[in-house]
>>> print(open('structure_38.cif').read())   # mmCIF, C-alpha atoms
data_structure
loop_
_atom_site.label_atom_id
_atom_site.label_comp_id
_atom_site.auth_asym_id
_atom_site.auth_seq_id
_atom_site.Cartn_x
_atom_site.Cartn_y
_atom_site.Cartn_z
CA MET A 1 19.16 47.47 -6.53
CA GLY A 2 22.57 47.10 -4.86
CA ARG A 3 25.77 48.79 -6.05
CA LEU A 4 27.10 45.64 -7.73
CA ASP A 5 23.72 45.00 -9.41
CA LYS A 6 23.83 48.50 -10.92
CA GLU A 7 27.35 47.91 -12.24
CA LYS A 8 26.24 44.58 -13.70
CA ALA A 9 23.27 46.22 -15.44
CA LEU A 10 25.48 48.92 -16.98
CA LEU A 11 28.10 46.44 -18.15
CA GLN A 12 25.41 44.10 -19.47
CA GLU A 13 23.89 46.85 -21.60
CA GLU A 14 27.33 47.83 -22.92
CA LEU A 15 28.21 44.24 -23.79
CA PHE A 16 24.88 43.59 -25.51
CA GLU A 17 25.64 46.47 -27.85
CA ARG A 18 29.11 45.11 -28.62
CA LEU A 19 28.07 41.49 -29.05
CA GLY A 20 24.98 41.99 -31.19
CA GLY A 21 23.71 38.55 -32.21
CA GLN A 22 26.46 36.71 -30.26
CA GLY A 23 26.57 33.92 -32.85
CA GLU A 24 30.04 34.72 -34.24
CA PHE A 25 31.78 34.76 -30.87
CA SER A 26 33.29 31.80 -29.04
CA ASP A 27 33.10 31.39 -25.25
CA GLU A 28 36.72 32.56 -25.05
CA ASP A 29 35.89 35.71 -27.05
CA ILE A 30 32.92 36.47 -24.82
CA TYR A 31 34.94 36.01 -21.64
CA GLU A 32 37.76 38.18 -22.96
CA MET A 33 35.29 41.00 -23.76
CA ILE A 34 33.75 40.69 -20.30
CA GLU A 35 37.19 40.91 -18.69
CA GLU A 36 38.01 44.03 -20.73
CA ALA A 37 34.68 45.67 -19.83
CA VAL A 38 35.06 44.94 -16.11
CA LEU A 39 38.67 46.17 -16.11
CA SER A 40 37.66 49.36 -17.92
CA ARG A 41 34.82 49.95 -15.46
CA SER A 42 37.12 49.41 -12.47
CA ARG A 43 39.20 52.40 -13.58
CA ASN A 44 36.21 54.67 -12.86
CA VAL A 45 34.53 52.84 -10.00
CA TYR A 46 36.19 50.94 -7.16
CA LEU A 47 35.71 47.20 -7.56
CA SER A 48 37.34 44.72 -5.20
CA VAL A 49 38.92 41.52 -6.49
CA GLU A 50 35.84 39.61 -5.31
CA ASP A 51 33.52 42.16 -7.00
CA LYS A 52 35.37 41.68 -10.30
CA ARG A 53 35.26 37.89 -10.02
CA GLN A 54 31.52 37.92 -9.27
CA LEU A 55 30.76 40.37 -12.09
CA LYS A 56 32.70 38.30 -14.64
CA LYS A 57 30.95 35.09 -13.61
CA GLU A 58 27.46 36.62 -13.60
CA LEU A 59 27.98 38.36 -16.94
CA PHE A 60 29.25 35.16 -18.53
CA ASP A 61 26.17 33.38 -17.18
CA VAL A 62 24.02 36.02 -18.89
CA PHE A 63 25.63 35.67 -22.30
CA ARG A 64 26.58 32.02 -22.50
CA ARG A 65 24.65 30.16 -19.86
CA LEU A 66 21.26 30.54 -18.18
CA ASP A 67 21.68 33.92 -16.53
CA VAL A 68 20.71 34.00 -12.83
CA LEU A 69 19.53 30.38 -13.04
CA SER A 70 23.13 29.17 -13.36
CA GLY A 71 23.86 29.84 -9.69
CA PHE A 72 20.77 27.97 -8.53
CA LEU A 73 21.55 25.05 -10.82
CA GLU A 74 25.06 24.81 -9.36
CA ASP A 75 23.78 24.97 -5.76
CA GLU A 76 23.34 21.35 -4.70
CA GLU A 77 20.96 22.35 -1.89
CA VAL A 78 18.44 23.75 -4.37
CA SER A 79 16.02 21.07 -5.55
CA GLU A 80 13.46 23.19 -7.41
CA ILE A 81 13.42 26.63 -9.05
CA MET A 82 10.19 28.56 -9.66
CA ILE A 83 10.14 31.72 -11.82
CA ASN A 84 6.90 33.72 -11.62
CA GLY A 85 7.72 36.49 -14.08
CA TYR A 86 11.20 37.99 -14.40
CA GLU A 87 11.17 39.73 -11.00
CA HIS A 88 10.02 36.86 -8.79
CA ILE A 89 12.14 33.73 -8.30
CA PHE A 90 11.54 31.15 -5.58
CA VAL A 91 13.72 28.14 -4.75
CA GLU A 92 13.22 25.02 -2.69
CA LYS A 93 16.03 24.12 -0.30
CA ARG A 94 15.84 21.15 2.04
CA GLY A 95 12.09 20.98 1.47
CA LYS A 96 11.38 24.67 2.25
CA LEU A 97 10.56 27.52 -0.14
CA TYR A 98 12.55 30.77 -0.18
CA LYS A 99 12.22 33.92 -2.26
CA ALA A 100 15.50 34.58 -4.05
CA GLU A 101 17.08 38.03 -4.15
CA GLU A 102 18.23 37.48 -7.73
CA THR A 103 15.98 38.48 -10.63
CA PHE A 104 16.21 38.62 -14.41
CA SER A 105 17.01 42.04 -15.82
CA SER A 106 13.82 42.07 -17.92
CA GLU A 107 10.95 39.96 -19.23
CA GLU A 108 12.76 39.83 -22.56
CA ARG A 109 15.85 38.33 -20.95
CA LEU A 110 13.74 35.67 -19.22
CA ARG A 111 12.06 34.87 -22.56
CA ASN A 112 15.48 34.50 -24.20
CA VAL A 113 16.59 32.00 -21.55
CA ILE A 114 13.33 30.05 -21.96
CA GLN A 115 13.84 29.84 -25.73
CA GLN A 116 17.44 28.74 -25.18
CA ILE A 117 16.28 25.87 -22.94
CA VAL A 118 13.32 24.83 -25.08
CA SER A 119 15.14 24.91 -28.42
CA SER A 120 17.98 22.76 -27.04
CA CYS A 121 15.58 19.80 -26.86
CA ASN A 122 13.70 20.53 -30.09
CA ARG A 123 10.61 21.99 -28.47
CA ILE A 124 8.61 25.07 -29.44
CA VAL A 125 6.93 27.56 -27.11
CA ASN A 126 5.24 30.79 -28.16
CA GLU A 127 1.93 32.62 -27.80
CA THR A 128 0.25 30.07 -30.06
CA ASN A 129 1.69 27.14 -28.06
CA PRO A 130 2.20 28.73 -24.62
CA ILE A 131 2.75 25.54 -22.59
CA VAL A 132 5.66 23.15 -22.98
CA ASP A 133 7.60 20.51 -21.04
CA ALA A 134 11.33 20.37 -21.70
CA ARG A 135 14.56 19.36 -19.97
CA LEU A 136 18.04 20.67 -19.31
CA LYS A 137 21.17 18.88 -20.51
CA ASP A 138 21.59 17.25 -17.08
CA GLY A 139 18.06 15.83 -17.26
CA SER A 140 16.38 18.40 -14.99
CA ARG A 141 12.66 18.71 -15.74
CA VAL A 142 11.39 22.06 -17.08
CA ASN A 143 7.82 23.33 -17.43
CA VAL A 144 7.11 26.64 -19.17
CA VAL A 145 3.89 28.66 -19.39
CA LEU A 146 3.90 31.92 -21.37
CA PRO A 147 1.44 34.82 -21.53
CA PRO A 148 -1.40 35.22 -22.29
CA VAL A 149 -2.01 32.00 -20.33
CA ALA A 150 0.41 33.08 -17.56
CA LEU A 151 -0.96 36.38 -16.28
CA ASN A 152 2.12 37.38 -14.25
CA GLY A 153 4.56 37.05 -17.13
CA ALA A 154 6.58 34.09 -18.38
CA THR A 155 6.52 31.30 -15.80
CA MET A 156 9.04 28.48 -15.57
CA THR A 157 9.45 25.66 -13.07
CA ILE A 158 12.63 23.57 -12.97
CA ARG A 159 12.88 20.39 -10.96
CA LYS A 160 16.58 19.70 -10.72
CA PHE A 161 17.98 16.35 -11.66
CA PRO A 162 19.68 14.83 -8.59
CA LYS A 163 23.47 14.66 -8.90
CA GLU A 164 23.45 11.55 -6.73
CA PHE A 165 22.38 8.39 -8.52
CA PHE A 166 20.05 6.66 -6.07
CA THR A 167 20.24 2.96 -5.37
CA MET A 168 17.92 0.79 -3.30
CA GLU A 169 20.64 0.65 -0.62
CA ARG A 170 20.56 4.47 -0.44
CA LEU A 171 16.76 4.49 -0.13
CA ILE A 172 16.97 1.93 2.68
CA GLU A 173 19.57 4.10 4.41
CA MET A 174 17.22 7.10 4.08
CA GLU A 175 14.40 4.99 5.59
CA SER A 176 12.30 5.45 2.45
CA ILE A 177 11.79 1.68 2.33
CA THR A 178 12.70 -1.33 4.45
CA LYS A 179 15.20 -3.96 3.36
CA GLU A 180 12.49 -6.62 3.55
CA CYS A 181 10.17 -4.72 1.21
CA ALA A 182 13.06 -3.90 -1.15
CA LEU A 183 13.97 -7.59 -1.49
CA PHE A 184 10.30 -8.40 -2.11
CA LEU A 185 10.07 -5.83 -4.92
CA GLN A 186 13.36 -7.07 -6.39
CA LYS A 187 11.86 -10.55 -6.74
CA LEU A 188 8.76 -9.13 -8.40
CA VAL A 189 10.78 -7.14 -10.96
CA VAL A 190 12.95 -10.12 -11.82
CA ALA A 191 9.87 -12.36 -12.10
CA GLY A 192 8.19 -9.94 -14.52
CA TYR A 193 5.32 -8.49 -12.51
CA ASN A 194 3.79 -5.35 -14.02
CA ILE A 195 4.31 -2.61 -11.44
CA PHE A 196 2.67 0.81 -11.33
CA ILE A 197 4.18 3.52 -9.12
CA SER A 198 1.84 6.20 -7.84
CA GLY A 199 2.37 9.29 -5.72
CA GLY A 200 1.92 13.02 -5.46
CA THR A 201 4.13 15.73 -6.95
CA GLY A 202 7.68 15.49 -5.64
CA SER A 203 7.11 12.13 -3.95
CA GLY A 204 9.99 10.51 -5.84
CA LYS A 205 8.17 8.41 -8.44
CA THR A 206 10.79 8.80 -11.17
CA THR A 207 13.63 8.13 -8.74
CA PHE A 208 11.90 4.98 -7.49
CA LEU A 209 11.25 3.79 -11.03
CA ASN A 210 14.95 4.25 -11.82
CA VAL A 211 15.87 2.25 -8.74
CA LEU A 212 13.49 -0.60 -9.56
CA SER A 213 14.84 -0.73 -13.12
CA ASN A 214 18.24 -1.71 -11.69
CA TYR A 215 16.71 -5.14 -11.00
CA ILE A 216 15.75 -5.76 -14.65
CA PRO A 217 17.95 -8.55 -16.07
CA GLY A 218 20.63 -7.19 -18.37
CA THR A 219 19.58 -9.65 -21.10
CA ASP A 220 16.17 -7.98 -21.56
CA ARG A 221 15.35 -5.52 -24.37
CA VAL A 222 13.85 -2.46 -22.69
CA ILE A 223 12.08 0.47 -24.36
CA THR A 224 11.43 3.66 -22.38
CA ILE A 225 8.77 6.17 -23.41
CA GLU A 226 8.58 9.66 -21.88
CA ASP A 227 7.17 13.12 -22.48
CA ALA A 228 10.53 14.62 -21.52
CA ALA A 229 13.36 12.12 -21.16
CA GLU A 230 14.59 11.94 -17.57
CA LEU A 231 14.86 8.25 -16.72
CA GLN A 232 18.34 6.89 -15.98
CA ILE A 233 18.22 3.22 -16.80
CA GLN A 234 21.50 1.53 -15.92
CA GLY A 235 22.99 -1.83 -16.86
CA ILE A 236 20.69 -2.56 -19.85
CA PRO A 237 22.77 -2.85 -23.06
CA ASN A 238 19.68 -3.42 -25.24
CA LEU A 239 17.93 -0.15 -24.35
CA VAL A 240 15.86 2.08 -26.64
CA ARG A 241 14.79 5.54 -25.40
CA LEU A 242 11.84 7.31 -27.02
CA GLU A 243 10.53 10.81 -26.37
CA THR A 244 7.34 12.55 -27.49
CA ARG A 245 7.45 15.56 -29.80
CA ASN A 246 5.17 18.59 -29.81
CA ALA A 247 3.52 19.84 -32.97
CA ASN A 248 5.44 22.33 -35.10
CA VAL A 249 4.35 25.94 -35.68
CA GLU A 250 1.80 24.73 -38.25
CA GLY A 251 0.29 22.41 -35.63
CA GLU A 252 1.53 19.30 -37.41
CA ASN A 253 4.01 16.42 -36.97
CA ALA A 254 3.37 15.86 -33.27
CA VAL A 255 4.47 12.47 -31.92
CA THR A 256 2.29 11.51 -28.96
CA MET A 257 2.89 9.05 -26.16
CA SER A 258 0.13 6.84 -27.57
CA ALA A 259 1.92 6.73 -30.94
CA LEU A 260 5.22 5.83 -29.26
CA ILE A 261 3.65 3.05 -27.20
CA LYS A 262 2.05 1.56 -30.32
CA THR A 263 5.36 1.79 -32.18
CA ALA A 264 7.24 0.24 -29.24
CA LEU A 265 5.06 -2.86 -29.53
CA ARG A 266 6.56 -3.44 -33.00
CA MET A 267 10.14 -3.12 -31.74
CA ARG A 268 10.26 -6.53 -30.05
CA PRO A 269 10.53 -5.24 -26.45
CA THR A 270 10.87 -7.53 -23.46
CA ARG A 271 9.65 -4.77 -21.18
CA ILE A 272 8.21 -1.30 -21.76
CA ILE A 273 8.76 1.51 -19.27
CA VAL A 274 6.40 4.48 -19.55
CA GLY A 275 7.78 7.45 -17.63
CA GLU A 276 4.43 8.89 -16.58
CA VAL A 277 0.89 8.64 -17.91
CA ARG A 278 -1.26 11.77 -17.77
CA ASP A 279 -3.99 11.24 -20.36
CA ALA A 280 -5.70 8.69 -22.60
CA ALA A 281 -2.27 7.14 -23.32
CA ALA A 282 -3.02 5.19 -20.12
CA MET A 283 -5.04 2.84 -22.33
CA ASP A 284 -2.04 2.16 -24.54
CA MET A 285 0.11 1.59 -21.45
CA VAL A 286 -2.45 -0.93 -20.16
CA ASN A 287 -2.60 -2.65 -23.56
CA SER A 288 1.20 -2.94 -23.68
CA MET A 289 1.11 -4.79 -20.37
CA LEU A 290 -1.60 -7.09 -21.70
CA THR A 291 0.27 -8.06 -24.87
CA GLY A 292 2.98 -10.24 -23.38
CA HIS A 293 5.39 -7.58 -22.12
CA ASP A 294 5.55 -8.76 -18.52
CA GLY A 295 7.70 -6.75 -16.15
CA SER A 296 6.65 -3.39 -17.54
CA LEU A 297 6.74 -0.29 -15.31
CA SER A 298 4.97 3.05 -15.26
CA THR A 299 4.10 5.94 -12.95
CA GLY A 300 1.23 8.35 -12.38
CA HIS A 301 -0.10 11.01 -10.03
CA GLY A 302 -2.37 9.74 -7.29
CA ASN A 303 -3.06 10.30 -3.59
CA SER A 304 -3.26 6.60 -2.77
CA ALA A 305 -3.09 3.24 -4.53
CA LYS A 306 -6.91 3.09 -4.70
CA GLU A 307 -7.19 6.65 -6.04
CA MET A 308 -4.58 5.83 -8.67
CA MET A 309 -6.82 3.10 -10.07
CA LEU A 310 -9.69 5.60 -10.29
CA ARG A 311 -7.45 8.15 -12.03
CA LEU A 312 -6.39 5.57 -14.61
CA GLU A 313 -10.08 4.94 -15.36
CA THR A 314 -10.65 8.68 -15.79
CA MET A 315 -7.61 9.09 -18.05
CA ILE A 316 -8.74 6.25 -20.30
CA LEU A 317 -12.26 7.71 -20.50
CA MET A 318 -10.72 10.98 -21.75
CA GLY A 319 -9.95 9.29 -25.05
CA TYR A 320 -12.05 6.12 -25.29
CA ASP A 321 -15.79 5.59 -25.30
CA MET A 322 -15.81 2.32 -23.37
CA PRO A 323 -17.94 0.87 -20.58
CA VAL A 324 -16.36 1.59 -17.20
CA ALA A 325 -16.65 -2.10 -16.30
CA ALA A 326 -14.52 -3.03 -19.32
CA ILE A 327 -11.91 -0.40 -18.44
CA ARG A 328 -11.66 -1.66 -14.87
CA GLN A 329 -11.27 -5.22 -16.07
CA GLN A 330 -8.45 -4.15 -18.43
CA ILE A 331 -6.62 -2.26 -15.68
CA ALA A 332 -6.98 -5.10 -13.18
CA SER A 333 -5.73 -7.64 -15.73
CA ALA A 334 -2.73 -5.50 -16.75
CA ILE A 335 -1.31 -4.22 -13.45
CA ASP A 336 -0.09 -6.71 -10.86
CA ILE A 337 1.34 -4.44 -8.17
CA VAL A 338 0.84 -0.81 -7.13
CA VAL A 339 3.57 0.91 -5.12
CA HIS A 340 2.38 4.19 -3.60
CA LEU A 341 4.88 6.83 -2.48
CA GLY A 342 4.30 9.91 -0.36
CA ARG A 343 6.07 13.02 0.80
CA LEU A 344 5.41 13.41 4.51
CA ARG A 345 5.13 16.66 6.48
CA ASP A 346 8.85 16.46 7.40
CA ASN A 347 9.57 16.40 3.62
CA SER A 348 10.83 12.81 3.75
CA ARG A 349 9.81 10.55 0.87
CA ARG A 350 8.52 7.14 1.90
CA VAL A 351 6.92 4.06 0.43
CA LEU A 352 3.45 4.18 1.99
CA GLU A 353 1.73 1.22 0.34
CA VAL A 354 2.51 -1.87 -1.67
CA CYS A 355 -0.69 -3.49 -2.93
CA GLU A 356 -1.57 -6.41 -5.13
CA VAL A 357 -4.30 -5.90 -7.74
CA MET A 358 -6.65 -8.80 -7.12
CA GLY A 359 -9.15 -8.25 -9.93
CA VAL A 360 -12.66 -6.84 -10.12
CA GLU A 361 -15.37 -7.68 -7.59
CA ASN A 362 -18.85 -6.14 -7.51
CA GLY A 363 -17.76 -3.78 -10.29
CA GLU A 364 -14.77 -2.36 -8.33
CA ILE A 365 -11.02 -2.97 -8.63
CA VAL A 366 -9.89 -4.79 -5.50
CA LEU A 367 -6.50 -4.07 -3.96
CA SER A 368 -4.92 -6.27 -1.31
CA PRO A 369 -2.32 -4.50 0.91
CA ILE A 370 0.99 -6.32 1.32
CA TYR A 371 2.99 -3.52 3.00
CA GLU A 372 1.68 -0.40 4.73
CA PHE A 373 3.44 2.51 6.41
CA LYS A 374 2.41 2.87 10.05
CA GLU A 375 3.23 6.22 11.63
CA LYS A 376 4.43 6.37 15.25
CA GLY A 377 4.60 10.10 15.91
CA GLU A 378 7.50 12.55 15.55
CA ASN A 379 10.98 12.95 16.98
CA SER A 380 12.86 16.26 16.50
CA GLY A 381 10.69 17.08 13.49
CA ARG A 382 11.24 13.67 11.87
CA VAL A 383 8.18 11.49 11.28
CA ASN A 384 8.74 8.09 12.85
CA GLY A 385 7.14 5.00 11.43
CA ASN A 386 7.68 1.62 9.83
CA LEU A 387 6.71 -0.08 6.61
CA ILE A 388 4.90 -3.11 8.03
CA LYS A 389 4.09 -6.31 6.20
CA VAL A 390 0.31 -6.79 6.46
CA GLY A 391 -0.34 -9.48 3.87
CA GLU A 392 1.05 -12.00 1.40
CA ILE A 393 1.07 -11.94 -2.38
CA SER A 394 -1.71 -14.11 -3.73
CA ASN A 395 -0.76 -14.56 -7.39
CA LYS A 396 2.58 -16.39 -7.33
CA ASP A 397 2.40 -17.74 -10.88
CA LYS A 398 5.09 -15.44 -12.28
CA LEU A 399 7.37 -16.08 -9.30
CA ILE A 400 7.04 -19.83 -9.88
CA ARG A 401 7.50 -19.64 -13.66
CA SER A 402 10.59 -17.47 -13.34
CA GLY A 403 12.15 -19.76 -10.72
CA VAL A 404 12.20 -16.96 -8.12
CA SER A 405 11.20 -18.13 -4.66
CA GLY A 406 8.35 -16.20 -3.08
#
>>> encode(input="structure_38.cif", output="C-alpha cells")
Amino acid sequence: MGRLDKEKALLQEELFERLGGQGEFSDEDIYEMIEEAVLSRSRNVYLSVEDKRQLKKELFDVFRRLDVLSGFLEDEEVSEIMINGYEHIFVEKRGKLYKAEETFSSEERLRNVIQQIVSSCNRIVNETNPIVDARLKDGSRVNVVLPPVALNGATMTIRKFPKEFFTMERLIEMESITKECALFLQKLVVAGYNIFISGGTGSGKTTFLNVLSNYIPGTDRVITIEDAAELQIQGIPNLVRLETRNANVEGENAVTMSALIKTALRMRPTRIIVGEVRDAAAMDMVNSMLTGHDGSLSTGHGNSAKEMMLRLETMILMGYDMPVAAIRQQIASAIDIVVHLGRLRDNSRRVLEVCEVMGVENGEIVLSPIYEFKEKGENSGRVNGNLIKVGEISNKDKLIRSGVSG
C-alpha cells in the first residue's frame, strides 16, 4: 500500500465514524467534512496540493459515489470493468484487459457499492438471490454474483454505456458495415421485415439494434422489452419502455419477459423490440412477430446465423413441450432476416452475415446468405476484409406492399 493509500485509509476510517449512517448529510456537508479532515491531516503529514486534491476526490467517491469505480467510469477508454472480489479489479481498454492497481478497502465496502447500484434500479441481491442484472444511471449494464455462488467474494461486471451515440454513418466509417448493406437493411426496417440480430458477447448487438431502430418511421407505436433497460430508441414519440422485475425477498411479484411480451400485445404496438432473449421467452418473442407486428426486432447470443436458429429452438424447448418440427416452423415463419455480428481478433466489430430465413426444408431451417464478410488478411494488426453481396432477397412481398423499392 502506497503512502497516499495509507492516508486515504486512515481518513476514511475517521470519516466513517463521524458520518455514521450518512443519510442526514448533503453532498456539500460531506465535502466540507472531507476538506476539514484532509486539512487537519496535512498539519501532521506533508501532503502536496495534488495529494490533497486526489484525496478529497477519492474520499468523496467513497462516501457519495461508487468508490474506486468512479474513476473507471469517468475514463472514456475503459469499456468494461470486472471486479473479482474486493482486491482484484480488471478493466478493458481498447480491447485489452489490464489489472487495475486500485482496490476496494474491504469486502464490506464492495458489498455496499453493489447494494447502492442494485437498489437504485429496484433490484434485490442477497445470499438468497445471489445473481442479479442491473444498470447504472447512464445505462451501463451491471451483472452481480454474490457468495456463496461466487467463491472469490462478491463479483461484479460492468459494461459501460458508450458516451457516443452511434449512427449507421459512424458504423460505416468504422468499417463495421458497408454503405450498400446499410441501405439494404434500412429498406427492410422501413418495409417491416422482422429482423433478429445475433452475435457473441461484446459483438455490438445492442448498439446495432439501436442503430437499426433509427430507421423505424416516427409514426409507429413502439414497445421495448428488456431485462435491464439499455436501449436508446430515438425519434419515436409513441414509445413505451418496459423492464422485467425480479421477485421480492418472499420470492413473489416477479415480472418476467414472457409476461411483458404478452402484455405488450394488448397495448396496440406497431412494432415490438425485445432487447435480448435468453430463455423460453423466445417463444413469446416469436409469437409477437407472428401476430401482425411486422418490423419487430430482437437480439440473442449465437456464434453464427445458423447456430442462432438452433439456440432459439433450445430456448423454446426450455419452457414448452412442443415437437421440434413445430418450433422450427414457428421460428422460420416469424423471422425474416438474421444479421450476425462478430468481434474479430483485432477487436473490431463487424457485420459478418446477413441471411434471409427461407423456411423449413427436410426438417431444417434454411438460411440464404445475402451478405457475407470475406477476410483478406491483416495489415498492421487490422483485419482486412469486405462485406460482399452474395445473393438477393427472395421474399419481396413486404417491400412491394410498403412501396419501398427492392
>>> closest_residue(input="structure_38.cif", among="A:Met168, A:Val144, A:Leu312, A:Ala134", to="A:Glu230", atoms="only C-alpha atoms")
A:Ala134
>>> atom_distance(input="structure_38.cif", atom1="atom CA of A:Tyr46", atom2="atom CA of A:Phe72")
27.7 Å
>>> residues_around(input="structure_38.cif", residues="A:Asn84", least_positions_apart="5", cutoff="7 Å", atoms="all atoms listed in the file", output="PyMOL selection string")
chain A and resi 89+152-156
>>> write_last_selection(input="structure_38.cif", atoms="C-alpha atoms", output="PDB file, in the coordinates of the input")
ATOM      1  CA  ILE A  89      12.140  33.730  -8.300  1.00  0.00           C
ATOM      2  CA  ASN A 152       2.120  37.380 -14.250  1.00  0.00           C
ATOM      3  CA  GLY A 153       4.560  37.050 -17.130  1.00  0.00           C
ATOM      4  CA  ALA A 154       6.580  34.090 -18.380  1.00  0.00           C
ATOM      5  CA  THR A 155       6.520  31.300 -15.800  1.00  0.00           C
ATOM      6  CA  MET A 156       9.040  28.480 -15.570  1.00  0.00           C
TER       7      MET A 156
END
>>> resolve_selection(input="structure_38.cif", expression="the PyMOL selection byres ((chain A and resi 99-104) around 12)", output="PyMOL selection string")
chain A and resi 1-2+5+8-9+12+58+61-62+66-72+78+80-93+96-98+105-114+154
>>> closest_atom_pairs(input="structure_38.cif", of="stretch 183-265 of chain A", to="stretch 344-362 of chain A", cutoff="9 Å", atoms="all atoms listed in the file", output="CSV")
residue,atom,partner,partner_atom,distance
A:Gly202,CA,A:Arg349,CA,8.4
A:Ser203,CA,A:Arg349,CA,5.7
A:Gly204,CA,A:Arg349,CA,6.7
>>> resolve_selection(input="structure_38.cif", expression="the PyMOL selection byres ((chain A and resi 341) around 12)", output="ChimeraX atom specification")
/A:176-177,196-209,299-305,308,338-340,342-344,348-355,371-373,387
>>> closest_residue(input="structure_38.cif", among="A:Lys396, A:Arg245, A:Lys306, A:Arg271", to="A:Val132", atoms="all atoms listed in the file")
A:Arg245
>>> atom_distance(input="structure_38.cif", atom1="atom CA of A:Thr157", atom2="atom CA of A:Ile131")
11.6 Å
